[in-house]
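Participant: Here you go, work_38.txt (compact mmCIF, C-alpha atoms and all ligand atoms):
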```txt
# COMPACT_ATOMS: atom_id res chain seq x y z
CA MET A 1 97.71 36.37 152.81
CA ALA A 2 99.44 38.69 150.38
CA SER A 3 96.92 38.15 147.64
CA CYS A 4 94.19 39.90 149.65
CA SER A 5 96.42 42.67 150.96
CA SER A 6 94.02 45.57 150.52
CA SER A 7 91.16 43.64 152.11
CA ALA A 8 93.44 42.66 154.96
CA ALA A 9 94.37 46.29 155.46
CA ILE A 10 90.71 47.14 155.75
CA PHE A 11 90.21 44.31 158.21
CA THR A 12 93.02 45.47 160.48
CA THR A 13 91.97 49.08 160.25
CA LEU A 14 88.26 48.52 160.70
CA ARG A 15 88.35 45.97 163.48
CA PRO A 16 88.75 48.54 166.30
CA MET A 17 85.58 50.23 165.05
CA ALA A 18 83.52 47.27 166.30
CA ILE A 19 84.84 47.75 169.80
CA LEU A 20 84.64 51.52 169.73
CA SER A 21 81.47 51.70 167.65
CA ASN A 22 79.84 54.26 169.94
CA ASN A 23 82.91 56.32 170.54
CA SER A 24 82.68 59.08 168.02
CA ARG A 25 86.12 60.59 168.61
CA ASN A 26 87.93 57.29 168.24
CA PHE A 27 85.95 56.43 165.18
CA HIS A 28 86.70 59.74 163.52
CA SER A 29 90.36 59.35 164.26
CA LEU A 30 90.20 56.13 162.21
CA ARG A 31 88.39 57.63 159.28
CA PRO A 32 91.39 59.14 157.48
CA HIS A 33 92.88 55.64 157.46
CA LEU A 34 89.74 54.12 156.05
CA ALA A 35 89.05 56.66 153.38
CA PRO A 36 91.66 55.58 150.84
CA PHE A 37 90.21 52.10 150.76
CA LEU A 38 86.68 53.16 150.18
CA LYS A 39 86.84 56.06 147.78
CA PHE A 40 87.03 54.56 144.35
CA LYS A 41 88.05 56.50 141.27
CA PRO A 42 87.10 55.07 137.91
CA SER A 43 90.09 54.51 135.64
CA SER A 44 90.04 54.93 131.90
CA LYS A 45 89.58 51.14 131.56
CA SER A 46 85.97 50.49 132.39
CA SER A 47 86.39 47.35 134.49
CA LEU A 48 89.35 48.60 136.50
CA LEU A 49 89.48 51.11 139.28
CA SER A 50 92.37 53.18 140.52
CA ILE A 51 92.93 53.23 144.26
CA SER A 52 95.55 55.01 146.36
CA VAL A 53 96.93 52.72 149.02
CA VAL A 54 98.69 54.46 151.90
CA ARG A 55 99.12 51.75 154.52
CA LYS A 56 101.67 48.95 154.44
CA MET A 57 102.46 49.75 150.83
CA PRO A 58 104.44 52.44 149.02
CA ARG A 59 102.27 55.44 148.13
CA ARG A 60 101.44 54.90 144.48
CA ASN A 61 98.46 54.24 142.28
CA LEU A 62 97.62 50.60 141.63
CA GLN A 63 95.29 49.08 139.10
CA VAL A 64 92.97 46.88 141.12
CA LYS A 65 90.10 44.58 140.30
CA SER A 66 86.68 45.65 141.30
CA VAL A 67 83.13 44.59 140.66
CA ALA A 68 82.04 48.23 140.81
CA ALA A 69 80.24 49.55 137.76
CA PRO A 70 82.26 51.58 135.26
CA THR A 71 80.73 54.82 136.43
CA GLU A 72 80.71 55.66 140.11
CA SER A 73 77.16 55.35 141.37
CA VAL A 74 75.66 58.41 142.95
CA ALA A 75 72.54 58.09 145.05
CA GLY A 76 71.36 61.60 144.23
CA PHE A 77 71.37 62.47 147.92
CA ASP A 78 71.11 66.18 147.03
CA GLU A 79 67.67 65.48 145.66
CA MET A 80 66.71 63.30 148.62
CA VAL A 81 67.73 65.94 151.14
CA SER A 82 66.36 69.01 149.38
CA GLY A 83 63.10 70.62 150.44
CA THR A 84 61.53 70.99 153.84
CA GLN A 85 58.26 69.28 153.06
CA ARG A 86 57.89 65.88 154.70
CA LYS A 87 59.19 62.91 152.73
CA TYR A 88 58.89 59.19 153.38
CA TYR A 89 61.57 56.69 152.37
CA MET A 90 60.71 53.00 152.59
CA LEU A 91 63.62 50.59 152.38
CA GLY A 92 62.83 47.03 151.55
CA GLY A 93 64.19 43.87 149.97
CA LYS A 94 65.11 40.26 150.63
CA GLY A 95 65.85 39.21 154.20
CA GLY A 96 69.36 39.89 155.46
CA VAL A 97 70.61 42.07 152.59
CA GLY A 98 71.17 45.11 154.81
CA LYS A 99 67.82 46.92 154.82
CA THR A 100 68.16 47.97 158.46
CA SER A 101 71.76 49.12 158.07
CA CYS A 102 70.87 51.14 154.97
CA ALA A 103 67.70 52.60 156.53
CA ALA A 104 69.48 53.53 159.75
CA SER A 105 72.41 55.06 157.85
CA LEU A 106 70.02 57.10 155.70
CA ALA A 107 68.20 58.36 158.80
CA VAL A 108 71.51 59.41 160.38
CA LYS A 109 72.52 61.16 157.15
CA PHE A 110 69.23 63.08 156.97
CA ALA A 111 69.58 64.14 160.60
CA ASN A 112 73.14 65.27 159.98
CA ASN A 113 71.91 67.33 157.05
CA GLY A 114 69.39 69.37 158.99
CA HIS A 115 66.26 67.20 158.86
CA PRO A 116 64.52 66.24 162.08
CA THR A 117 64.11 62.57 161.24
CA LEU A 118 62.11 59.59 162.43
CA VAL A 119 63.24 56.07 161.62
CA VAL A 120 60.60 53.40 162.02
CA SER A 121 60.84 49.64 161.98
CA THR A 122 57.73 47.86 160.74
CA ASP A 123 59.57 44.55 160.42
CA PRO A 124 58.08 42.17 163.01
CA ALA A 125 61.65 40.98 163.64
CA HIS A 126 63.11 44.34 164.65
CA SER A 127 66.79 45.04 164.39
CA LEU A 128 66.89 48.83 164.73
CA SER A 129 67.96 48.56 168.37
CA ASP A 130 70.86 46.31 167.33
CA SER A 131 71.78 48.61 164.49
CA PHE A 132 71.87 51.74 166.66
CA ALA A 133 73.30 49.77 169.60
CA GLN A 134 70.61 51.34 171.72
CA ASP A 135 67.40 50.07 173.31
CA LEU A 136 64.61 51.38 171.08
CA THR A 137 61.94 48.87 172.06
CA GLY A 138 58.66 49.79 173.69
CA GLY A 139 56.60 51.11 170.80
CA THR A 140 57.29 54.77 171.56
CA LEU A 141 59.58 57.36 170.03
CA VAL A 142 63.08 57.11 171.46
CA PRO A 143 65.74 59.79 170.84
CA VAL A 144 68.90 58.56 169.16
CA GLU A 145 72.02 60.26 170.45
CA GLY A 146 74.69 61.52 168.11
CA PRO A 147 73.33 63.20 164.98
CA ILE A 148 73.22 67.00 164.60
CA SER A 149 69.44 67.37 164.14
CA PRO A 150 66.95 65.37 166.20
CA LEU A 151 66.72 61.71 165.25
CA PHE A 152 64.07 59.52 166.83
CA ALA A 153 63.48 55.82 166.37
CA LEU A 154 60.30 53.84 166.71
CA GLU A 155 59.91 50.09 166.78
CA ILE A 156 56.27 49.21 166.45
CA ASN A 157 55.31 46.25 168.58
CA PRO A 158 53.39 44.12 166.08
CA GLU A 159 51.75 41.97 168.77
CA LYS A 160 50.33 45.00 170.54
CA ALA A 161 49.16 46.63 167.33
CA ARG A 162 47.56 43.42 166.12
CA GLU A 163 45.84 42.91 169.45
CA GLU A 164 44.13 46.26 169.02
CA PHE A 165 42.81 45.17 165.65
CA ARG A 166 41.81 41.76 166.96
CA THR A 167 39.74 43.27 169.77
CA VAL A 168 37.78 45.48 167.40
CA SER A 169 37.43 42.91 164.70
CA GLN A 170 36.40 39.97 166.84
CA LYS A 171 33.51 42.02 168.05
CA ASN A 172 32.42 42.42 164.46
CA GLY A 173 33.04 39.13 162.81
CA GLY A 174 34.83 36.72 165.10
CA THR A 175 33.44 33.32 165.90
CA GLY A 176 31.99 34.50 169.20
CA VAL A 177 29.63 36.87 167.44
CA LYS A 178 28.83 34.31 164.74
CA ASP A 179 27.84 31.62 167.25
CA PHE A 180 25.79 34.10 169.18
CA MET A 181 24.00 35.35 166.09
CA ASP A 182 23.31 31.80 164.91
CA GLY A 183 21.65 31.23 168.25
CA MET A 184 19.57 34.35 167.78
CA GLY A 185 18.30 33.22 164.36
CA LEU A 186 20.47 35.78 162.60
CA GLY A 187 22.48 33.13 160.79
CA MET A 188 22.28 34.82 157.42
CA ILE A 189 24.05 37.93 158.66
CA ALA A 190 26.45 35.76 160.57
CA ASP A 191 27.28 33.87 157.37
CA GLN A 192 27.93 37.10 155.55
CA LEU A 193 30.23 38.15 158.34
CA GLY A 194 31.85 34.73 158.30
CA GLU A 195 32.62 35.09 154.59
CA LEU A 196 34.82 38.04 155.41
CA LYS A 197 37.09 35.60 157.24
CA LEU A 198 38.23 38.23 159.67
CA GLY A 199 38.28 35.69 162.48
CA GLU A 200 40.61 33.45 160.49
CA LEU A 201 42.65 36.42 159.40
CA LEU A 202 43.34 37.25 162.99
CA ASP A 203 43.92 33.72 164.20
CA THR A 204 46.60 33.19 161.56
CA PRO A 205 47.44 36.72 160.47
CA PRO A 206 48.97 36.85 157.00
CA PRO A 207 52.36 38.49 156.57
CA GLY A 208 51.65 42.09 155.81
CA LEU A 209 48.92 42.62 158.39
CA ASP A 210 51.45 43.49 161.07
CA GLU A 211 53.07 45.99 158.78
CA ALA A 212 49.82 47.55 157.65
CA ILE A 213 48.82 48.05 161.25
CA ALA A 214 52.30 49.28 162.14
CA ILE A 215 52.29 51.85 159.36
CA SER A 216 48.80 52.99 160.23
CA LYS A 217 50.05 53.40 163.80
CA VAL A 218 52.86 55.64 162.53
CA ILE A 219 50.35 57.70 160.59
CA GLN A 220 48.39 58.05 163.80
CA PHE A 221 51.52 59.31 165.57
CA LEU A 222 52.34 61.72 162.80
CA GLU A 223 48.87 63.23 162.77
CA SER A 224 49.44 64.71 166.20
CA LYS A 225 50.95 68.20 166.39
CA GLU A 226 53.98 67.30 168.45
CA TYR A 227 55.31 65.20 165.57
CA ASN A 228 54.95 67.97 162.98
CA MET A 229 58.65 68.65 163.30
CA PHE A 230 59.74 65.52 161.39
CA THR A 231 60.59 66.28 157.79
CA ARG A 232 62.04 62.88 156.90
CA ILE A 233 60.54 59.54 157.85
CA VAL A 234 62.55 56.43 157.03
CA PHE A 235 60.86 53.02 157.20
CA ASP A 236 62.85 49.84 157.69
CA THR A 237 60.30 47.45 156.23
CA ALA A 238 59.88 43.68 156.52
CA PRO A 239 61.34 41.34 153.87
CA THR A 240 59.94 41.28 150.32
CA GLY A 241 57.08 38.78 150.76
CA HIS A 242 55.59 40.84 153.57
CA THR A 243 55.90 44.03 151.58
CA LEU A 244 54.11 42.58 148.58
CA ARG A 245 51.25 41.34 150.73
CA LEU A 246 51.17 44.62 152.57
CA LEU A 247 50.59 46.42 149.30
CA SER A 248 47.39 44.53 148.56
CA LEU A 249 46.31 44.31 152.19
CA PRO A 250 44.86 47.80 152.57
CA ASP A 251 42.54 47.10 149.61
CA PHE A 252 41.52 43.78 151.12
CA LEU A 253 40.92 45.21 154.58
CA ASP A 254 39.21 48.23 153.17
CA ALA A 255 36.78 45.97 151.32
CA SER A 256 36.26 43.71 154.35
CA ILE A 257 35.70 46.50 156.79
CA GLY A 258 33.51 48.30 154.26
CA LYS A 259 31.27 45.24 154.08
CA ILE A 260 31.12 45.01 157.86
CA LEU A 261 30.09 48.61 158.11
CA LYS A 262 27.33 48.02 155.59
CA LEU A 263 26.12 45.12 157.65
CA ARG A 264 26.08 47.38 160.64
CA GLN A 265 22.61 48.66 159.80
CA LYS A 266 21.21 45.15 159.58
CA ILE A 267 22.90 44.24 162.81
CA SER A 268 21.49 47.28 164.55
CA ALA A 269 18.08 45.58 164.47
CA ALA A 270 19.48 43.20 167.03
CA THR A 271 21.32 45.89 168.94
CA SER A 272 20.02 45.12 172.35
CA ALA A 273 20.93 41.45 172.03
CA ILE A 274 24.33 42.16 170.57
CA LYS A 275 25.09 44.64 173.31
CA SER A 276 25.35 41.78 175.71
CA VAL A 277 28.09 40.27 173.56
CA PHE A 278 29.92 43.54 173.19
CA GLY A 279 29.64 44.11 176.92
CA GLN A 280 28.23 47.05 178.79
CA GLU A 281 30.94 49.55 178.00
CA GLU A 282 31.79 48.59 174.47
CA THR A 283 28.67 49.33 172.46
CA GLN A 284 28.20 48.33 168.87
CA GLN A 285 28.51 51.97 167.93
CA ASN A 286 31.92 52.15 169.59
CA ALA A 287 33.15 49.08 167.79
CA ALA A 288 31.83 50.34 164.48
CA ASP A 289 33.52 53.71 165.02
CA LYS A 290 36.80 52.01 165.72
CA LEU A 291 36.46 49.95 162.57
CA GLU A 292 35.67 53.03 160.56
CA LYS A 293 38.81 54.71 161.93
CA LEU A 294 40.90 51.66 161.13
CA ARG A 295 39.51 51.65 157.60
CA GLU A 296 40.37 55.32 157.17
CA ARG A 297 43.91 54.68 158.33
CA MET A 298 44.29 51.74 155.93
CA ILE A 299 43.24 54.00 153.09
CA LYS A 300 45.87 56.49 154.21
CA VAL A 301 48.53 53.75 154.24
CA ARG A 302 47.57 52.85 150.67
CA GLU A 303 47.65 56.49 149.58
CA LEU A 304 50.98 57.07 151.29
CA PHE A 305 52.59 54.19 149.41
CA ARG A 306 51.48 55.59 146.09
CA ASP A 307 52.15 59.28 146.61
CA THR A 308 54.89 60.20 144.15
CA ASN A 309 55.35 63.65 145.70
CA SER A 310 56.20 62.46 149.17
CA THR A 311 57.14 58.80 149.04
CA GLU A 312 59.87 56.66 147.56
CA PHE A 313 60.47 52.95 147.96
CA VAL A 314 64.20 52.14 147.84
CA ILE A 315 65.05 48.51 147.03
CA VAL A 316 68.06 47.10 148.86
CA THR A 317 69.80 44.04 147.44
CA ILE A 318 73.15 42.24 147.34
CA PRO A 319 75.04 41.12 144.23
CA THR A 320 73.84 37.51 144.14
CA VAL A 321 71.62 35.93 141.51
CA MET A 322 69.00 34.98 144.10
CA ALA A 323 68.76 38.43 145.68
CA ILE A 324 68.65 40.18 142.32
CA SER A 325 65.96 37.87 140.99
CA GLU A 326 63.86 38.65 144.05
CA SER A 327 64.55 42.37 143.71
CA SER A 328 63.41 42.23 140.11
CA ARG A 329 60.10 40.67 141.15
CA LEU A 330 59.72 43.21 143.95
CA CYS A 331 60.39 46.08 141.56
CA ALA A 332 57.85 44.78 139.03
CA SER A 333 55.23 44.39 141.77
CA LEU A 334 55.88 47.85 143.17
CA ARG A 335 55.48 49.33 139.69
CA LYS A 336 52.28 47.34 139.16
CA GLU A 337 50.94 48.75 142.40
CA SER A 338 51.99 52.29 141.33
CA VAL A 339 54.46 52.60 144.19
CA PRO A 340 57.22 55.10 143.28
CA VAL A 341 60.58 53.33 143.06
CA LYS A 342 63.70 54.78 141.44
CA ARG A 343 66.76 53.71 143.46
CA LEU A 344 68.40 50.33 143.97
CA VAL A 345 71.10 49.90 146.62
CA VAL A 346 73.44 47.03 145.83
CA ASN A 347 75.00 46.36 149.20
CA GLN A 348 78.07 44.39 150.26
CA ILE A 349 80.12 44.85 147.11
CA LEU A 350 83.67 43.52 147.50
CA PRO A 351 86.17 46.36 147.83
CA PRO A 352 88.90 46.57 145.21
CA SER A 353 91.95 44.41 145.64
CA ALA A 354 95.29 44.36 143.82
CA SER A 355 95.05 40.58 143.56
CA ASP A 356 92.61 38.08 144.95
CA CYS A 357 92.80 34.83 146.86
CA LYS A 358 90.82 31.98 145.28
CA PHE A 359 87.81 32.62 147.49
CA CYS A 360 87.73 36.37 146.72
CA ALA A 361 88.27 35.77 143.01
CA MET A 362 85.26 33.42 142.91
CA LYS A 363 83.17 35.81 144.95
CA ARG A 364 84.13 38.71 142.72
CA LYS A 365 83.21 36.72 139.60
CA ASP A 366 79.81 35.94 141.11
CA GLN A 367 79.23 39.57 142.04
CA THR A 368 80.23 40.76 138.57
CA ARG A 369 77.79 38.33 137.00
CA ALA A 370 75.01 39.41 139.35
CA LEU A 371 75.66 43.09 138.58
CA GLY A 372 75.43 42.23 134.90
CA MET A 373 71.96 40.80 135.57
CA ILE A 374 70.82 44.17 136.86
CA GLN A 375 71.89 45.90 133.68
CA ASN A 376 69.91 43.40 131.60
CA ASP A 377 66.85 43.27 133.84
CA PRO A 378 63.82 45.06 132.36
CA ALA A 379 62.57 46.21 135.78
CA LEU A 380 65.87 46.97 137.56
CA SER A 381 67.91 48.49 134.73
CA SER A 382 65.91 51.71 134.80
CA LEU A 383 66.69 52.33 138.49
CA THR A 384 69.58 54.43 139.77
CA MET A 385 72.05 51.86 141.04
CA ILE A 386 73.85 52.75 144.26
CA GLN A 387 76.80 50.57 145.20
CA ALA A 388 77.63 50.06 148.87
CA PRO A 389 80.93 48.43 149.88
CA LEU A 390 81.22 45.31 152.00
CA VAL A 391 83.02 46.20 155.21
CA ASP A 392 84.50 43.68 157.56
CA VAL A 393 82.64 44.55 160.74
CA GLU A 394 79.04 44.76 161.81
CA ILE A 395 77.67 48.23 161.28
CA ARG A 396 76.54 49.16 164.79
CA GLY A 397 76.13 52.52 166.50
CA VAL A 398 75.75 56.04 165.11
CA PRO A 399 79.40 56.64 164.12
CA ALA A 400 79.52 53.40 162.14
CA LEU A 401 76.16 54.19 160.51
CA GLN A 402 77.40 57.66 159.68
CA PHE A 403 80.43 56.12 158.03
CA LEU A 404 78.32 53.66 156.04
CA GLY A 405 75.86 56.43 155.12
CA ASP A 406 78.63 58.63 153.76
CA ASN A 407 79.62 55.76 151.49
CA ILE A 408 76.13 55.00 150.23
CA TRP A 409 74.13 58.23 150.20
CA LYS A 410 76.29 60.50 148.07
N1 LIG B 501 77.85 46.83 153.71
C1 LIG B 501 77.98 45.95 154.67
N2 LIG B 501 79.17 45.43 154.99
C2 LIG B 501 79.29 44.52 155.97
N3 LIG B 501 78.27 44.04 156.69
C3 LIG B 501 77.05 44.51 156.42
C4 LIG B 501 76.83 45.48 155.40
N4 LIG B 501 75.50 45.76 155.37
C5 LIG B 501 74.92 45.00 156.31
N5 LIG B 501 75.84 44.25 156.95
C6 LIG B 501 75.60 43.28 158.03
O1 LIG B 501 74.70 42.28 157.56
C7 LIG B 501 73.83 41.87 158.62
C8 LIG B 501 72.40 42.04 158.20
O2 LIG B 501 72.17 43.44 158.02
P1 LIG B 501 70.77 44.11 158.30
O3 LIG B 501 70.25 43.71 159.64
O4 LIG B 501 70.91 45.54 158.01
O5 LIG B 501 69.93 43.36 157.18
P2 LIG B 501 68.35 43.30 156.99
O6 LIG B 501 68.12 43.18 155.53
O7 LIG B 501 67.69 44.42 157.69
O8 LIG B 501 68.04 41.94 157.73
P3 LIG B 501 66.56 41.35 158.13
O9 LIG B 501 65.89 41.01 156.85
O10 LIG B 501 66.92 40.15 158.95
O11 LIG B 501 65.88 42.44 158.90
C9 LIG B 501 74.22 42.71 159.83
O12 LIG B 501 75.07 41.97 160.64
C10 LIG B 501 74.94 43.92 159.23
O13 LIG B 501 75.89 44.46 160.11
```
Kindly present the structure from the file in structure tokens form.

Facilitator:
Amino acid sequence: MASCSSSAAIFTTLRPMAILSNNSRNFHSLRPHLAPFLKFKPSSKSSLLSISVVRKMPRRNLQVKSVAAPTESVAGFDEMVSGTQRKYYMLGGKGGVGKTSCAASLAVKFANNGHPTLVVSTDPAHSLSDSFAQDLTGGTLVPVEGPISPLFALEINPEKAREEFRTVSQKNGGTGVKDFMDGMGLGMIADQLGELKLGELLDTPPPGLDEAIAISKVIQFLESKEYNMFTRIVFDTAPTGHTLRLLSLPDFLDASIGKILKLRQKISAATSAIKSVFGQEETQQNAADKLEKLRERMIKVRELFRDTNSTEFVIVTIPTVMAISESSRLCASLRKESVPVKRLVVNQILPPSASDCKFCAMKRKDQTRALGMIQNDPALSSLTMIQAPLVDVEIRGVPALQFLGDNIWK
């Protein structure tokens, strides 16, 4: 269809990348062909961009429509990459907007710019393995092949992490203990424990608990000497709702566990009886120590999220009214929780085209309207907007992520 000629050119040029996504040499041989379509130069007219088209068309400058903002967005990657102290980047947003692709591409870019980097998925529905086209499951650090500096990936197994918490917590507030204590005439303490609702919390864990545990697990990893080397940690977080709950969860758990630990003294009066519930090996002291450790780690998670010197939350969105409305709420909540946020990636922006088919013209109109919303949004307008182009293939494998990263993190 002639009306979408530049898009079609991208389609034909990019398609082989999907097949050869892990073949660096082939991919790089394609790059010169891709570049003209993806490097936009602002023209003097604010809503138009100038693009040089070299394939299937005479070499000349065309005025093409674009939804891109008048000024080319720059992510400020220089600032992100500078310094050797450890920095944490948390990428989050509505489901399906491209969080994983953006997080993985940022990790690759850091590693290619000299930072030993760890990319972590705390989303219970992991897609890092799919994004890197490599098996990264198993809950341990797995090296990613390709980048110049070491890049490791970690997918936290939420079930396993939650199980750990469940074991400790059930021994300190689950129904088993409550029933037992009722039987022992210690109902009052049991009621107090029951009020903490830890049993319920674990039976139907709220969104956010998995992530809190996952992040605390990462902190645990990073405390050990062998992981000192990592200077950039990129988190691919779960969709917005989980993130918001995660932010308040450490406070909630901190309070709950704090109360349990206070009750510990009262419970110790019945130590010998309780020992039989906790079993021979697992003494009350052990369980209390574990809880104390968990509480400490939750406090660290909370501190990490709010540390302006080391942490930044990057919101990823797409140019639709729904996604931008959700991003606005996320941004406001992050600010309310004192989480540092200064960048907004608007992903999947239609590339410029000399003329559009009906579908593309409608889509472009929608995207332009959605971008306008950002400029008028009290929360989002203050963020640095980074525009990422829509490409016509799935972004899979290091070379593809490198390509995407070079177009986002400038
Ligand atoms: N700029 C882009 N151009 C084309 N496709 C893209 C782009 N960004 C992401 N995608 C595709 O969109 C799909 C969803 O991307 P991704 O998994 O990164 O999103 P997500 O926000 O992490 O999703 P989830 O919330 O399900 O974890 C993938 O198939 C990915 O290849």

Participant: If you measure from atom O11 of ligand LIG 501 (chain B) to atom CA of Arg343 of chain A, what distance in Å do you get, rounded to one decimal?

Facilitator: 19.1 Å

Participant: Would you be able to write out as a ChimeraX atom specification which residues have an atom within 10 Å of (66.6, 43.3, 143.0) in the file's coordinates, counting all atoms listed in the file?

Facilitator: /A:93-94,315-332,344-346,370,373-374,377,379-381

Participant: Hey, which of A:Ser82, A:Thr137, A:Ser129, A:Ser101 ends up closest to Gln348 of chain A? Count only C-alpha atoms.

Facilitator: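 Closest candidate: A:Ser101.
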
Participant: Box for ligand LIG 501 (chain B): with edges along x, y and z, all listed atoms inside and 8 Å added on each side, what are the centre and edge lengths in Å to one decimal, as lines of an AutoDock Vina configuration file?

Facilitator:
```
center_x = 72.6
center_y = 43.5
center_z = 157.2
size_x = 29.4
size_y = 22.7
size_z = 22.9
```

Participant: Which residues form the shell of 9 Å around ligand LIG 501 (chain B) when you count only C-alpha atoms and all ligand atoms, given as number ranges by chain?

Facilitator: A: 92-104, 123-128, 130-131, 236-240, 316-317, 347-350, 388-396, 404

Participant: At what distance in Å, to one decimal, does atom CA of Ser149 of chain A lie from atom CA of Val120 of chain A?

Facilitator: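 Between atom CA of Val120 of chain A and atom CA of Ser149 of chain A the gap is 16.7 Å.
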
Participant: Between atom CA of Met229 of chain A and atom CA of Val341 of chain A, measure the distance and give it in Å to one decimal.

Facilitator: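 Value for the atom CA of Met229 of chain A-atom CA of Val341 of chain A distance: 25.5 Å.
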